[in-house]
Amino acid sequence: MAAIVVSGIFIVFLGYNPVQVYSNIISGALGSKIRLKATLLEMCPLVITSLGILVAFKMKFWNIGGEGQILMGAFAATYVALFVDWLPKPLVLPVMFIVGFLTGGLWGVIPAFFKARFGANETIMTLMLNYIATQWVTYLQYGPWRIPA
């Protein structure tokens, strides 16, 4: 509530009506079937990431690498979808889920290893790994996995 009030004061200083601004935010996110669907589509990965990172935070391990872990999991799941064509069709989605889950988890083990072995700062490690994962997926997207057309 304090954040809403303080933000409202800031919005007033910008010359806008905070009630109208907040109303527009809610309407923009939930105002129609398409907007609600888009909000839920964006919300799902964020909720799943926050639930996964909650475990690390409870252990006082400051993992801010959820984005990179999701990207690497998505990379592995996409690899299965694109290149594992010998797999029976009913097994494709479960295997994609398992491979993506394990790959994202392994990406999170990297900073844990360096923290345990060398005392590295896990916040910096997980942040840097986000950038590596982003660059890797971008490379694949615009490089080898790009559709020629």
# chains A, B, ... in the order shown; residues from 1 in each chain; ligands from 1
>>> residues_around(residues="Leu40 (chain A)", least_positions_apart="6", cutoff="10 Å", atoms="only C-alpha atoms", output="list of chain:residue names")
A:Ala29, A:Leu30, A:Ile34, A:Leu46, A:Val47
>>> residues_around(residues="Leu106 (chain A)", least_positions_apart="6", cutoff="10 Å", atoms="only C-alpha atoms", output="list in words")
Gln69, Met72, Gly73, Gly100 and Ala112 of chain A
>>> decode(residues="region 62-75 of chain A", atoms="all heavy atoms", output="PDB file, in the first residue's frame")
ATOM      1  N   TRP A  62      21.649 -16.049  -2.782  1.00  0.00           N
ATOM      2  CA  TRP A  62      21.028 -14.950  -3.518  1.00  0.00           C
ATOM      3  C   TRP A  62      21.130 -15.175  -5.011  1.00  0.00           C
ATOM      4  O   TRP A  62      21.954 -14.606  -5.701  1.00  0.00           O
ATOM      5  CB  TRP A  62      21.643 -13.617  -3.077  1.00  0.00           C
ATOM      6  CG  TRP A  62      21.537 -13.481  -1.613  1.00  0.00           C
ATOM      7  CD1 TRP A  62      22.557 -13.485  -0.710  1.00  0.00           C
ATOM      8  CD2 TRP A  62      20.333 -13.378  -0.843  1.00  0.00           C
ATOM      9  NE1 TRP A  62      22.067 -13.397   0.567  1.00  0.00           N
ATOM     10  CE2 TRP A  62      20.694 -13.317   0.516  1.00  0.00           C
ATOM     11  CE3 TRP A  62      18.976 -13.346  -1.158  1.00  0.00           C
ATOM     12  CZ2 TRP A  62      19.766 -13.219   1.539  1.00  0.00           C
ATOM     13  CZ3 TRP A  62      18.048 -13.246  -0.139  1.00  0.00           C
ATOM     14  CH2 TRP A  62      18.448 -13.180   1.177  1.00  0.00           C
ATOM     15  N   ASN A  63      20.248 -16.030  -5.491  1.00  0.00           N
ATOM     16  CA  ASN A  63      20.208 -16.400  -6.898  1.00  0.00           C
ATOM     17  C   ASN A  63      19.339 -15.391  -7.651  1.00  0.00           C
ATOM     18  O   ASN A  63      18.121 -15.390  -7.504  1.00  0.00           O
ATOM     19  CB  ASN A  63      19.627 -17.811  -7.029  1.00  0.00           C
ATOM     20  CG  ASN A  63      19.486 -18.252  -8.461  1.00  0.00           C
ATOM     21  OD1 ASN A  63      19.892 -17.564  -9.389  1.00  0.00           O
ATOM     22  ND2 ASN A  63      18.895 -19.403  -8.651  1.00  0.00           N
ATOM     23  N   ILE A  64      19.962 -14.558  -8.465  1.00  0.00           N
ATOM     24  CA  ILE A  64      19.181 -13.655  -9.311  1.00  0.00           C
ATOM     25  C   ILE A  64      19.299 -14.093 -10.769  1.00  0.00           C
ATOM     26  O   ILE A  64      19.110 -13.309 -11.680  1.00  0.00           O
ATOM     27  CB  ILE A  64      19.601 -12.184  -9.131  1.00  0.00           C
ATOM     28  CG1 ILE A  64      21.081 -11.996  -9.426  1.00  0.00           C
ATOM     29  CG2 ILE A  64      19.268 -11.697  -7.738  1.00  0.00           C
ATOM     30  CD1 ILE A  64      21.501 -10.556  -9.453  1.00  0.00           C
ATOM     31  N   GLY A  65      19.583 -15.382 -10.952  1.00  0.00           N
ATOM     32  CA  GLY A  65      19.788 -15.914 -12.286  1.00  0.00           C
ATOM     33  C   GLY A  65      18.612 -16.686 -12.836  1.00  0.00           C
ATOM     34  O   GLY A  65      18.782 -17.525 -13.717  1.00  0.00           O
ATOM     35  N   GLY A  66      17.422 -16.422 -12.345  1.00  0.00           N
ATOM     36  CA  GLY A  66      16.249 -17.142 -12.821  1.00  0.00           C
ATOM     37  C   GLY A  66      16.024 -16.998 -14.316  1.00  0.00           C
ATOM     38  O   GLY A  66      15.636 -17.948 -14.993  1.00  0.00           O
ATOM     39  N   GLU A  67      16.284 -15.827 -14.841  1.00  0.00           N
ATOM     40  CA  GLU A  67      16.097 -15.592 -16.277  1.00  0.00           C
ATOM     41  C   GLU A  67      17.013 -16.491 -17.092  1.00  0.00           C
ATOM     42  O   GLU A  67      16.583 -17.129 -18.064  1.00  0.00           O
ATOM     43  CB  GLU A  67      16.371 -14.128 -16.601  1.00  0.00           C
ATOM     44  CG  GLU A  67      16.233 -13.796 -18.066  1.00  0.00           C
ATOM     45  CD  GLU A  67      16.635 -12.364 -18.388  1.00  0.00           C
ATOM     46  OE1 GLU A  67      17.067 -11.627 -17.487  1.00  0.00           O
ATOM     47  OE2 GLU A  67      16.508 -11.997 -19.564  1.00  0.00           O
ATOM     48  N   GLY A  68      18.269 -16.566 -16.706  1.00  0.00           N
ATOM     49  CA  GLY A  68      19.212 -17.417 -17.424  1.00  0.00           C
ATOM     50  C   GLY A  68      18.860 -18.882 -17.302  1.00  0.00           C
ATOM     51  O   GLY A  68      18.999 -19.656 -18.258  1.00  0.00           O
ATOM     52  N   GLN A  69      18.381 -19.288 -16.130  1.00  0.00           N
ATOM     53  CA  GLN A  69      18.006 -20.681 -15.941  1.00  0.00           C
ATOM     54  C   GLN A  69      16.802 -21.038 -16.800  1.00  0.00           C
ATOM     55  O   GLN A  69      16.735 -22.129 -17.381  1.00  0.00           O
ATOM     56  CB  GLN A  69      17.754 -20.939 -14.459  1.00  0.00           C
ATOM     57  CG  GLN A  69      19.032 -20.864 -13.649  1.00  0.00           C
ATOM     58  CD  GLN A  69      18.799 -20.724 -12.169  1.00  0.00           C
ATOM     59  OE1 GLN A  69      17.725 -20.989 -11.658  1.00  0.00           O
ATOM     60  NE2 GLN A  69      19.830 -20.283 -11.456  1.00  0.00           N
ATOM     61  N   ILE A  70      15.849 -20.126 -16.895  1.00  0.00           N
ATOM     62  CA  ILE A  70      14.701 -20.367 -17.772  1.00  0.00           C
ATOM     63  C   ILE A  70      15.149 -20.423 -19.225  1.00  0.00           C
ATOM     64  O   ILE A  70      14.717 -21.290 -19.993  1.00  0.00           O
ATOM     65  CB  ILE A  70      13.619 -19.286 -17.585  1.00  0.00           C
ATOM     66  CG1 ILE A  70      12.840 -19.567 -16.312  1.00  0.00           C
ATOM     67  CG2 ILE A  70      12.675 -19.246 -18.769  1.00  0.00           C
ATOM     68  CD1 ILE A  70      11.716 -18.603 -16.059  1.00  0.00           C
ATOM     69  N   LEU A  71      16.034 -19.512 -19.634  1.00  0.00           N
ATOM     70  CA  LEU A  71      16.507 -19.512 -21.023  1.00  0.00           C
ATOM     71  C   LEU A  71      17.239 -20.798 -21.371  1.00  0.00           C
ATOM     72  O   LEU A  71      17.040 -21.362 -22.449  1.00  0.00           O
ATOM     73  CB  LEU A  71      17.407 -18.304 -21.277  1.00  0.00           C
ATOM     74  CG  LEU A  71      16.701 -16.967 -21.415  1.00  0.00           C
ATOM     75  CD1 LEU A  71      17.710 -15.826 -21.453  1.00  0.00           C
ATOM     76  CD2 LEU A  71      15.839 -16.948 -22.657  1.00  0.00           C
ATOM     77  N   MET A  72      18.077 -21.284 -20.472  1.00  0.00           N
ATOM     78  CA  MET A  72      18.808 -22.516 -20.763  1.00  0.00           C
ATOM     79  C   MET A  72      17.879 -23.722 -20.755  1.00  0.00           C
ATOM     80  O   MET A  72      18.047 -24.648 -21.554  1.00  0.00           O
ATOM     81  CB  MET A  72      19.967 -22.694 -19.784  1.00  0.00           C
ATOM     82  CG  MET A  72      21.062 -21.655 -19.974  1.00  0.00           C
ATOM     83  SD  MET A  72      21.659 -21.494 -21.666  1.00  0.00           S
ATOM     84  CE  MET A  72      22.616 -22.977 -21.819  1.00  0.00           C
ATOM     85  N   GLY A  73      16.887 -23.716 -19.877  1.00  0.00           N
ATOM     86  CA  GLY A  73      15.881 -24.769 -19.904  1.00  0.00           C
ATOM     87  C   GLY A  73      15.087 -24.742 -21.196  1.00  0.00           C
ATOM     88  O   GLY A  73      14.806 -25.785 -21.808  1.00  0.00           O
ATOM     89  N   ALA A  74      14.741 -23.531 -21.632  1.00  0.00           N
ATOM     90  CA  ALA A  74      14.008 -23.379 -22.897  1.00  0.00           C
ATOM     91  C   ALA A  74      14.875 -23.811 -24.081  1.00  0.00           C
ATOM     92  O   ALA A  74      14.378 -24.427 -25.033  1.00  0.00           O
ATOM     93  CB  ALA A  74      13.551 -21.937 -23.069  1.00  0.00           C
ATOM     94  N   PHE A  75      16.163 -23.497 -24.012  1.00  0.00           N
ATOM     95  CA  PHE A  75      17.087 -23.927 -25.067  1.00  0.00           C
ATOM     96  C   PHE A  75      17.093 -25.450 -25.185  1.00  0.00           C
ATOM     97  O   PHE A  75      16.967 -26.006 -26.275  1.00  0.00           O
ATOM     98  CB  PHE A  75      18.499 -23.390 -24.780  1.00  0.00           C
ATOM     99  CG  PHE A  75      19.604 -24.292 -25.228  1.00  0.00           C
ATOM    100  CD1 PHE A  75      19.868 -24.481 -26.575  1.00  0.00           C
ATOM    101  CD2 PHE A  75      20.387 -24.963 -24.298  1.00  0.00           C
ATOM    102  CE1 PHE A  75      20.893 -25.321 -26.991  1.00  0.00           C
ATOM    103  CE2 PHE A  75      21.398 -25.803 -24.704  1.00  0.00           C
ATOM    104  CZ  PHE A  75      21.656 -25.986 -26.051  1.00  0.00           C
TER     105      PHE A  75
END
